[in-house]
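Asks: Following this message is one structure expressed as structure tokens.
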Amino acid sequence: MRKRVPKFIAIAISKEVVFSSLKVALVVGTLLAFINYGEAIVQNALGKEQLQKIALTYLVPYLVSTYASVKSIQKHLPRR
């Protein structure tokens, strides 16, 4: 028997929310990555630890944008 996906997750993985969050993450993550690691990026001197931190620099805005989008959508859905 298939398990039902919670509403929050279903909305979070919807095409519209994913694409919107990816756009935000790309812009905000890139800006933050260059603010924090610009010199190392330009000099191509990034270590493994810095690359992991840059990945988180993109992940955090994605998660925040997704959360905000889902909560906004849920607010406008009819209550059951």
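In the structure tokens, chains take letters A, B, ... by order of appearance, with residues numbered from 1 within each chain and ligands from 1 in the order shown.
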Please return, as number ranges by chain, all residues of chain A that DSSP assigns to helix (DSSP H, G or I) on the basis of the backbone.
Replies: A: 7-12, 15-42, 48-76
Asks: Can you pull out the residues contacting segment 26-39 of chain A? Cut-off 7 Å, using only C-alpha atoms, and skip same-chain residues under 3 positions away; I want them as a list in words.
Replies: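 What passes the distance filter is Leu22, Lys23, Val42, Gln43, Ile54, Thr57, Tyr58 and Pro61 of chain A.
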Asks: Please list as an NGL selection string every residue within 8 Å of Val17 of chain A, counting only C-alpha atoms and excluding residues in the same chain fewer than 5 positions away.
Replies: :A and (11-12 or 66 or 69-70)
Asks: Keeping only all heavy atoms, write the selected residues as a JSON list (two decimals), in the first residue's frame.
Replies:
```json
[["chain", "number", "residue", "atom", "x", "y", "z"],
["A", 11, "ILE", "N", 3.64, 20.03, -1.55],
["A", 11, "ILE", "CA", 3.74, 21.40, -2.07],
["A", 11, "ILE", "C", 5.20, 21.76, -2.31],
["A", 11, "ILE", "O", 5.54, 22.36, -3.34],
["A", 11, "ILE", "CB", 3.09, 22.41, -1.09],
["A", 11, "ILE", "CG1", 1.59, 22.13, -0.97],
["A", 11, "ILE", "CG2", 3.33, 23.84, -1.55],
["A", 11, "ILE", "CD1", 0.91, 22.89, 0.16],
["A", 12, "ALA", "N", 6.08, 21.38, -1.39],
["A", 12, "ALA", "CA", 7.51, 21.72, -1.49],
["A", 12, "ALA", "C", 8.16, 21.13, -2.73],
["A", 12, "ALA", "O", 9.10, 21.72, -3.28],
["A", 12, "ALA", "CB", 8.25, 21.27, -0.24],
["A", 66, "THR", "N", 11.82, 27.79, -0.12],
["A", 66, "THR", "CA", 10.84, 26.72, -0.19],
["A", 66, "THR", "C", 9.88, 26.78, 0.99],
["A", 66, "THR", "O", 8.65, 26.71, 0.83],
["A", 66, "THR", "CB", 11.54, 25.34, -0.22],
["A", 66, "THR", "OG1", 12.35, 25.27, -1.40],
["A", 66, "THR", "CG2", 10.53, 24.20, -0.24],
["A", 69, "SER", "N", 7.50, 29.73, 0.61],
["A", 69, "SER", "CA", 6.52, 29.47, -0.45],
["A", 69, "SER", "C", 5.44, 28.51, 0.01],
["A", 69, "SER", "O", 4.25, 28.74, -0.21],
["A", 69, "SER", "CB", 7.21, 28.91, -1.70],
["A", 69, "SER", "OG", 8.09, 29.83, -2.26],
["A", 70, "VAL", "N", 5.84, 27.43, 0.64],
["A", 70, "VAL", "CA", 4.88, 26.43, 1.10],
["A", 70, "VAL", "C", 3.94, 27.03, 2.13],
["A", 70, "VAL", "O", 2.72, 26.85, 2.06],
["A", 70, "VAL", "CB", 5.59, 25.18, 1.67],
["A", 70, "VAL", "CG1", 4.60, 24.24, 2.34],
["A", 70, "VAL", "CG2", 6.34, 24.45, 0.56]]
```
Asks: Considering only C-alpha atoms, can you say which of A:Ala10, A:Lys15, A:Gln52, A:Ser21 comes closest to Ala68 of chain A?
Replies: A:Ser21
Asks: For each of A:Asn44, A:Val18, A:Phe8, A:Lys75, take the minimum atom-to-atom distance to Tyr62 of chain A, counting only C-alpha atoms, then give the residue where this is smallest.
Replies: A:Val18
